[in-house]
Protein chains: 6
Amino acid sequence: MASNIVYITRKEHFNAAHRLHRADWTDEQNETVFGRCANKNWHGHNFDLYVTVKGTPNPDTGFLFDLKKLKVLIINEVTDHLDHKNLNLDVPFLEGVLPSIENIAMAIWARLEPHINSDTCSLHSVKLYETPNNYVEYFG
Amino acid sequence: MASNIVYITRKEHFNAAHRLHRADWTDEQNETVFGRCANKNWHGHNFDLYVTVKGTPNPDTGFLFDLKKLKVLIINEVTDHLDHKNLNLDVPFLEGVLPSIENIAMAIWARLEPHINSDTCSLHSVKLYETPNNYVEYFG
Amino acid sequence: MASNIVYITRKEHFNAAHRLHRADWTDEQNETVFGRCANKNWHGHNFDLYVTVKGTPNPDTGFLFDLKKLKVLIINEVTDHLDHKNLNLDVPFLEGVLPSIENIAMAIWARLEPHINSDTCSLHSVKLYETPNNYVEYFG
Amino acid sequence: MASNIVYITRKEHFNAAHRLHRADWTDEQNETVFGRCANKNWHGHNFDLYVTVKGTPNPDTGFLFDLKKLKVLIINEVTDHLDHKNLNLDVPFLEGVLPSIENIAMAIWARLEPHINSDTCSLHSVKLYETPNNYVEYFG
Amino acid sequence: MASNIVYITRKEHFNAAHRLHRADWTDEQNETVFGRCANKNWHGHNFDLYVTVKGTPNPDTGFLFDLKKLKVLIINEVTDHLDHKNLNLDVPFLEGVLPSIENIAMAIWARLEPHINSDTCSLHSVKLYETPNNYVEYFG
Amino acid sequence: MASNIVYITRKEHFNAAHRLHRADWTDEQNETVFGRCANKNWHGHNFDLYVTVKGTPNPDTGFLFDLKKLKVLIINEVTDHLDHKNLNLDVPFLEGVLPSIENIAMAIWARLEPHINSDTCSLHSVKLYETPNNYVEYFG
């Protein structure tokens with residue numbers, strides 16, 4: 001017999017500047033490892049963020065997790081802090097983090113996970129597109 | 001050594017009206033829980049449906065499941081019953097189902113699963129987009 | 001020498017139910033002309049709306065028409081009245097209008113045009129997608 | 001009888017940081033007019049650029065303008081100067097230009113137009129997407 | 001006062017093989033002009049075709065041109081002759097045509113134009129995508 | 001506590017001709033099983049290829065696998081051998097393979113896997129789109 005576990009996903013986005021760069025490396029080292037992404041005057045992207053919650057739909061409402069609430073949660077906890085910001089300079093929860101998409105996705109997971117955690121559901125994955133050709137996925 | 005298990009997916013779509021609403025609740029309760037989705041005169045979406053089959057390709061044909069047959073199966077069993085329909089009123093296989101995307105995806109799984117089941121393949125997942133920003137995935 | 005006329009576009013969307021149907025026709029006539037779109041229990045779509053303004057950028061700001069204001073104008077005048085609504089029953093500015101995409105686009109133009117009209121800019125076009133495969137464009 | 005005028009388009013892209021800001025305004029004025037786009041630490045986008053050439057196909061080759069050459073021209077003259085750059089600080093051909101998409105599109109036109117100009121073809125338009133929801137088009 | 005001229009578009013697609021090559025040229029000439037597109041064993045694309053009709057909606061139906069009929073017309077006159085075909089060898093209406101997208105678009109126009117021509121509407125444009133990055137548009 | 005396993009994906013593409021056909025079958029058998037895909041003069045597609053690597057980001061760089069290197073690897077090992085080619089005739093690593101998307105995906109895995117294999121990462125999946133409506137995924 002089939003289970004009643006379903007996965008539901010909400011997409012949000014943010015537009016931000018960043019730079020891949022280590023202060024403890026020379027410019028040559030940064031250029032060698034990070035290439036154009038090390039540009040000292042920054043560059044930026046339209047980031048697309050997909051957040052997936054796993055769980056059992058409530059038989060009364062048919063909802064696993066109310067998408068209106070998921071949208072508000074992602075905006076309040078994540079995208080409002082990142083949109084039109086510099087990911088190296090402006091974001092408290094990324095302080096000290098080298099903002100590769102791998103590291104950003106893990107930091108977003110840590111922001112959201114405590115809020116999506118009940119008897120019937122939990123955070124399943126965070127998927128982050130930097131461009132239509134490059135993305136990461138993190139499952140905790 | 002690598003296995004010979006492959007996953008193949010076909011996308012179809014349907015355009016339908018629906019409403020999130022319980023007859024045993026007051027208008028206020030429906031409005032509180034379902035918000036704009038409770039609108040008594042309905043609203044609608046272009047739904048995109050992805051059906052994934054898992055299995056071993058036939059060495060003679062290279063086919064895990066003939067995509068022409070998968071297309072016809074999805075149309076005959078699912079989308080032809082949903083396209084340009086009201087999901088609350090017009091669909092026998094959704095009778096008594098509150099048509100949240102969670103519940104619709106599970107009902108679509110139940111329609112397809114008996115037809116995709118052989119020695120070499122089985123239904124793997126049903127993914128249903130309500131909008132480009134909201135979707136669910138069900139794995140049985 | 002090049003002109004300084006530029007065209008700027010903002011995309012918004014709304015999800016709605018509708019039906020193509022004339023009360024003064026028999027069911028057979030409606031079915032013959034409108035096919036599945038005549039379904040008496042409605043169907044629906046995710047509509048995408050592109051609004052284009054034509055004009056001369058302000059030399060002080062670089063803006064032809066502030067996109068934040070264009071977004072708010074489209075939401076206030078148009079999409080907030082259409083989203084999660086029934087286009088035949090719920091929308092005062094579509095009263096008496098058979099809601100084909102041709103007619104909806106012309107009605108949206110009439111809503112927006114008085115608000116986008118100055119010495120330096122004017123409404124250029126309204127483009128409305130009913131599905132990714134079907135759209136109309138209206139230029140006034 | 002039909003003409004032999006055809007329009008051909010090539011899409012390229014670049015990822016860049018920018019900021020909308022005037023040095024001769026106070027922070028309050030910049031904030032009032034440009035909102036989040038004035039953020040002093042920059043933000044960024046994945047820009048999509050569509051360049052359209054108008055003309056008559058060469059009867060020997062069927063080509064109005066060789067798309068391989070159009071690609072190289074756009075990269076050499078435009079996107080290689082903008083990709084992974086800061087549009088306010090790093091781009092000689094945008095020096096002194098407030099980098100709104102209106103102004104960037106006009107500057108890109110000025111870069112390309114001298115190179116697409118022969119007896120049989122000319123530059124028709126430059127279309128620049130800042131996000132999937134916002135774009136400008138410039139026709140010279 | 002606003003006009004009642006509207007533009008309506010239908011998208012269809014076809015998957016085909018082709019090759020850019022002249023029999024009266026040497027292999028070197030073909031390679032120099034057409035590059036990889038001259039490969040003697042062919043290559044192929046998923047072509048997307050947008051057909052736009054211009055006209056006045058019928059006041060009784062709200063329809064400028066019935067999209068169901070436009071779809072059938074495009075399939076019968078165009079895409080059914082091109083889909084899963086070799087554009088150099090298999091298509092009578094492309095015989096003797098070097099199948100660049102410029103030439104294919106003009107040939108598609110010639111197929112459709114006689115069928116979309118009444119007191120109230122006419123063919124406006126044919127837009128043909130060879131890839132998401134390359135397309136042509138023809139207006140007759 | 002959360003793990004540090006992340007999945008990173010790079011998208012590339014190639015345009016190719018192919019044909020589904022067995023030389024040891026009659027034309028009728030080929031037509032019955034492969035339908036339009038058996039067309040003796042070939043057909044073609046724009047194939048989209050997604051390659052996913054699984055692993056632990058390097059704490060010094062934030063990189064699980066450098067996306068610039070992943071791009072070059074996919075181009076050198078895979079897409080440069082397939083782009084503007086005939087998949088039945090021109091590709092040494094597909095010799096003797098019936099080029100269904102199932103079989104192509106498995107062959108691409110075999111090309112890439114030896115190059116993505118270290119203490120900290122391994123090839124996770126190859127996802128191949130033949131059209132926007134049809135794709136396969138292979139996990140080794």
# chains A, B, ... in the order shown; residues from 1 in each chain; ligands from 1
>>> select_by_dssp(residues="chain B", states="helix (DSSP H, G or I)", output="ChimeraX atom specification")
/B:27-38,67-82,92-94,101-115
>>> residues_around(residues="Leu112 of chain B", least_positions_apart="5", cutoff="12 Å", atoms="only C-alpha atoms", output="PyMOL selection string")
chain B and resi 51-53+70-79+93+105-107+117+122-126+140
>>> interface_residues(of="chain E", to="chain C", cutoff="8 Å", atoms="only C-alpha atoms", output="PDB file with N, CA, C and O atoms, in the first residue's frame")
ATOM      1  N   ALA E   2      -9.075  53.962 -28.739  1.00  0.00           N
ATOM      2  CA  ALA E   2      -8.268  52.781 -29.043  1.00  0.00           C
ATOM      3  C   ALA E   2      -8.851  52.017 -30.232  1.00  0.00           C
ATOM      4  O   ALA E   2     -10.063  52.001 -30.444  1.00  0.00           O
ATOM      5  N   SER E   3      -7.983  51.373 -30.991  1.00  0.00           N
ATOM      6  CA  SER E   3      -8.398  50.551 -32.132  1.00  0.00           C
ATOM      7  C   SER E   3      -8.885  49.194 -31.623  1.00  0.00           C
ATOM      8  O   SER E   3      -8.794  48.896 -30.430  1.00  0.00           O
ATOM      9  N   ASN E   4      -9.385  48.370 -32.519  1.00  0.00           N
ATOM     10  CA  ASN E   4      -9.706  47.000 -32.099  1.00  0.00           C
ATOM     11  C   ASN E   4      -8.841  45.969 -32.823  1.00  0.00           C
ATOM     12  O   ASN E   4      -9.255  44.835 -33.029  1.00  0.00           O
ATOM     13  N   ILE E   5      -7.628  46.380 -33.184  1.00  0.00           N
ATOM     14  CA  ILE E   5      -6.677  45.442 -33.792  1.00  0.00           C
ATOM     15  C   ILE E   5      -5.900  44.719 -32.690  1.00  0.00           C
ATOM     16  O   ILE E   5      -5.290  45.360 -31.834  1.00  0.00           O
ATOM     17  N   VAL E   6      -5.936  43.391 -32.731  1.00  0.00           N
ATOM     18  CA  VAL E   6      -5.238  42.562 -31.746  1.00  0.00           C
ATOM     19  C   VAL E   6      -4.338  41.575 -32.510  1.00  0.00           C
ATOM     20  O   VAL E   6      -4.602  41.267 -33.677  1.00  0.00           O
ATOM     21  N   TYR E   7      -3.271  41.108 -31.827  1.00  0.00           N
ATOM     22  CA  TYR E   7      -2.365  40.111 -32.404  1.00  0.00           C
ATOM     23  C   TYR E   7      -2.439  38.856 -31.539  1.00  0.00           C
ATOM     24  O   TYR E   7      -2.267  38.939 -30.325  1.00  0.00           O
ATOM     25  N   ILE E   8      -2.690  37.713 -32.171  1.00  0.00           N
ATOM     26  CA  ILE E   8      -2.779  36.459 -31.413  1.00  0.00           C
ATOM     27  C   ILE E   8      -1.743  35.468 -31.938  1.00  0.00           C
ATOM     28  O   ILE E   8      -1.507  35.389 -33.137  1.00  0.00           O
ATOM     29  N   THR E   9      -1.129  34.728 -31.007  1.00  0.00           N
ATOM     30  CA  THR E   9       0.006  33.865 -31.346  1.00  0.00           C
ATOM     31  C   THR E   9      -0.215  32.452 -30.835  1.00  0.00           C
ATOM     32  O   THR E   9      -0.667  32.260 -29.701  1.00  0.00           O
ATOM     33  N   ARG E  10       0.127  31.495 -31.651  1.00  0.00           N
ATOM     34  CA  ARG E  10       0.125  30.085 -31.282  1.00  0.00           C
ATOM     35  C   ARG E  10       1.530  29.516 -31.466  1.00  0.00           C
ATOM     36  O   ARG E  10       2.160  29.743 -32.504  1.00  0.00           O
ATOM     37  N   LYS E  11       1.996  28.777 -30.454  1.00  0.00           N
ATOM     38  CA  LYS E  11       3.306  28.110 -30.518  1.00  0.00           C
ATOM     39  C   LYS E  11       3.138  26.624 -30.819  1.00  0.00           C
ATOM     40  O   LYS E  11       2.350  25.947 -30.148  1.00  0.00           O
ATOM     41  N   GLU E  12       3.866  26.129 -31.806  1.00  0.00           N
ATOM     42  CA  GLU E  12       3.972  24.695 -32.070  1.00  0.00           C
ATOM     43  C   GLU E  12       5.458  24.345 -32.164  1.00  0.00           C
ATOM     44  O   GLU E  12       6.298  25.234 -32.079  1.00  0.00           O
ATOM     45  N   PRO E  57     -11.152  41.120 -33.347  1.00  0.00           N
ATOM     46  CA  PRO E  57     -11.967  40.046 -32.773  1.00  0.00           C
ATOM     47  C   PRO E  57     -13.417  40.124 -33.242  1.00  0.00           C
ATOM     48  O   PRO E  57     -13.975  41.209 -33.374  1.00  0.00           O
ATOM     49  N   THR E  61     -17.967  36.248 -30.627  1.00  0.00           N
ATOM     50  CA  THR E  61     -17.206  35.169 -29.977  1.00  0.00           C
ATOM     51  C   THR E  61     -16.000  35.678 -29.179  1.00  0.00           C
ATOM     52  O   THR E  61     -15.416  34.919 -28.405  1.00  0.00           O
ATOM     53  N   GLY E  62     -15.620  36.933 -29.399  1.00  0.00           N
ATOM     54  CA  GLY E  62     -14.396  37.412 -28.764  1.00  0.00           C
ATOM     55  C   GLY E  62     -13.144  36.875 -29.426  1.00  0.00           C
ATOM     56  O   GLY E  62     -12.030  37.146 -28.968  1.00  0.00           O
ATOM     57  N   PHE E  63     -13.293  36.093 -30.500  1.00  0.00           N
ATOM     58  CA  PHE E  63     -12.142  35.449 -31.151  1.00  0.00           C
ATOM     59  C   PHE E  63     -11.684  36.244 -32.372  1.00  0.00           C
ATOM     60  O   PHE E  63     -12.490  36.538 -33.264  1.00  0.00           O
ATOM     61  N   LEU E  64     -10.402  36.516 -32.439  1.00  0.00           N
ATOM     62  CA  LEU E  64      -9.783  37.057 -33.643  1.00  0.00           C
ATOM     63  C   LEU E  64      -9.562  35.929 -34.642  1.00  0.00           C
ATOM     64  O   LEU E  64      -9.818  36.051 -35.846  1.00  0.00           O
ATOM     65  N   LEU E  67      -8.076  29.681 -31.767  1.00  0.00           N
ATOM     66  CA  LEU E  67      -6.763  29.072 -31.528  1.00  0.00           C
ATOM     67  C   LEU E  67      -6.754  27.570 -31.790  1.00  0.00           C
ATOM     68  O   LEU E  67      -5.718  27.015 -32.155  1.00  0.00           O
TER      69      LEU E  67
END
>>> select_by_dssp(residues="segment 37-131 of chain E", states="strand (DSSP E or B)", output="ChimeraX atom specification")
/E:43-55,85-86,117,121-131
>>> residues_around(residues="His45 of chain D", least_positions_apart="6", cutoff="7 Å", atoms="only C-alpha atoms", output="number ranges by chain")
A: 15-16, 44-46; D: 15-17, 130
>>> residues_around(residues="Asn86 of chain D", least_positions_apart="3", cutoff="12 Å", atoms="only C-alpha atoms", output="MDAnalysis selection string")
(chainID A and resid 17:19 36:45) or (chainID D and resid 14:20 41:45 81:83 89:92 94:95 99)
>>> atom_distance(atom1="atom CA of Thr26 of chain C", atom2="atom CA of Phe47 of chain C")
28.6 Å
>>> atom_distance(atom1="atom CA of Asn58 of chain B", atom2="atom CA of Asp119 of chain B")
11.1 Å
